[in-house]
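First the structure, in the form of structure tokens, and then the observations on it.
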Amino acid sequence: MTGEEAARARITAIPVRRPERLAVLDRVARAFEPGVRYTESQVNAVIGGFSADVPALRRGLVDEGFLEHDRVHYWRCGGTVDL
């Protein structure tokens, strides 16, 4: 598998080891544009492109500081950014 294929591969399980889990979450977080507010349904649609386990990935993104949320919106607050 090439690096590009690996980047597009579906996530079938969230790694238990934190370094690997953070790498997976960073990959998902990069799909969100910094400064943009998303509804939960928009977040779910983006995450659904990576994995069927949307709630676990969404919770992981929030718990690890990649996304923040209030009662209505989510926004990206962490992760790497392409320059």
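Going through the structure tokens in order, the chains are called A, B, and so on, while each chain numbers its residues from 1 and the ligands are numbered from 1 in the order shown.
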
Do a neighbour search on His73 of chain A at 8 Å with only C-alpha atoms, toss out local chain neighbours closer than 6 positions, and write the hits as a PDB file with N, CA and C atoms, in the first residue's frame.
```pdb
ATOM      1  N   ARG A  37     -17.188  26.630  11.693  1.00  0.00           N
ATOM      2  CA  ARG A  37     -18.060  25.964  12.674  1.00  0.00           C
ATOM      3  C   ARG A  37     -18.943  24.966  11.932  1.00  0.00           C
ATOM      4  N   TYR A  38     -19.050  23.771  12.493  1.00  0.00           N
ATOM      5  CA  TYR A  38     -19.797  22.679  11.884  1.00  0.00           C
ATOM      6  C   TYR A  38     -20.914  22.230  12.813  1.00  0.00           C
ATOM      7  N   THR A  39     -22.051  21.861  12.241  1.00  0.00           N
ATOM      8  CA  THR A  39     -23.104  21.247  13.034  1.00  0.00           C
ATOM      9  C   THR A  39     -22.696  19.795  13.312  1.00  0.00           C
ATOM     10  N   GLU A  40     -23.371  19.174  14.262  1.00  0.00           N
ATOM     11  CA  GLU A  40     -23.057  17.776  14.557  1.00  0.00           C
ATOM     12  C   GLU A  40     -23.301  16.889  13.340  1.00  0.00           C
TER      13      GLU A  40
END
```

Please identify all polymer residues within 12 Å of His69 of chain A, counting only C-alpha atoms, omitting same-chain residues fewer than 4 positions from it, and present them as number ranges by chain.
-> A: 36-40, 43, 58-59, 61-63, 65, 73-77

As a ChimeraX atom specification, please: all residues of chain A that backbone DSSP puts in strand (DSSP E or B).
-> /A:37-39,67-69,73-76

Kindly give the distance, in Å, that separates atom CA of Ala31 of chain A and atom CA of Val72 of chain A, rounded to a single decimal.
->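 Calculated distance between atom CA of Ala31 of chain A and atom CA of Val72 of chain A is 19.4 Å.
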
Quick one: residues within 12 Å of Arg18 of chain A, only C-alpha atoms counted, chain neighbours fewer than 5 positions away excluded, as a PyMOL selection string?
-> chain A and resi 23-26+60+64

Who sits within 9 Å of Thr80 of chain A, only C-alpha atoms, same chain under 4 positions skipped, as a PyMOL selection string | chain A and resi 26-27+29-30

Point-to-point distance in Å for atom CA of Ser51 of chain A and atom CA of Arg17 of chain A |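 Atom-to-atom, atom CA of Arg17 of chain A to atom CA of Ser51 of chain A, that is 18.3 Å.
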
Distance query Ile47 of chain A at most 10 Å, only C-alpha atoms, self and fewer than 6 positions along chain excluded, as a list in words =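 In the requested format, the answer is Ile11, Val28, Ala29, Ala31, Phe32, Ser41, Asp53, Val54, Pro55, Ala56, Leu57 and Arg58 of chain A.
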
Just give me the gap between atom CA of Ala9 of chain A and atom CA of Glu68 of chain A in Å, one decimal is fine.
-> 25.3 Å

Tell me, which residues of chain A carry DSSP helix (DSSP H, G or I), written as a count of residues only?
-> 37
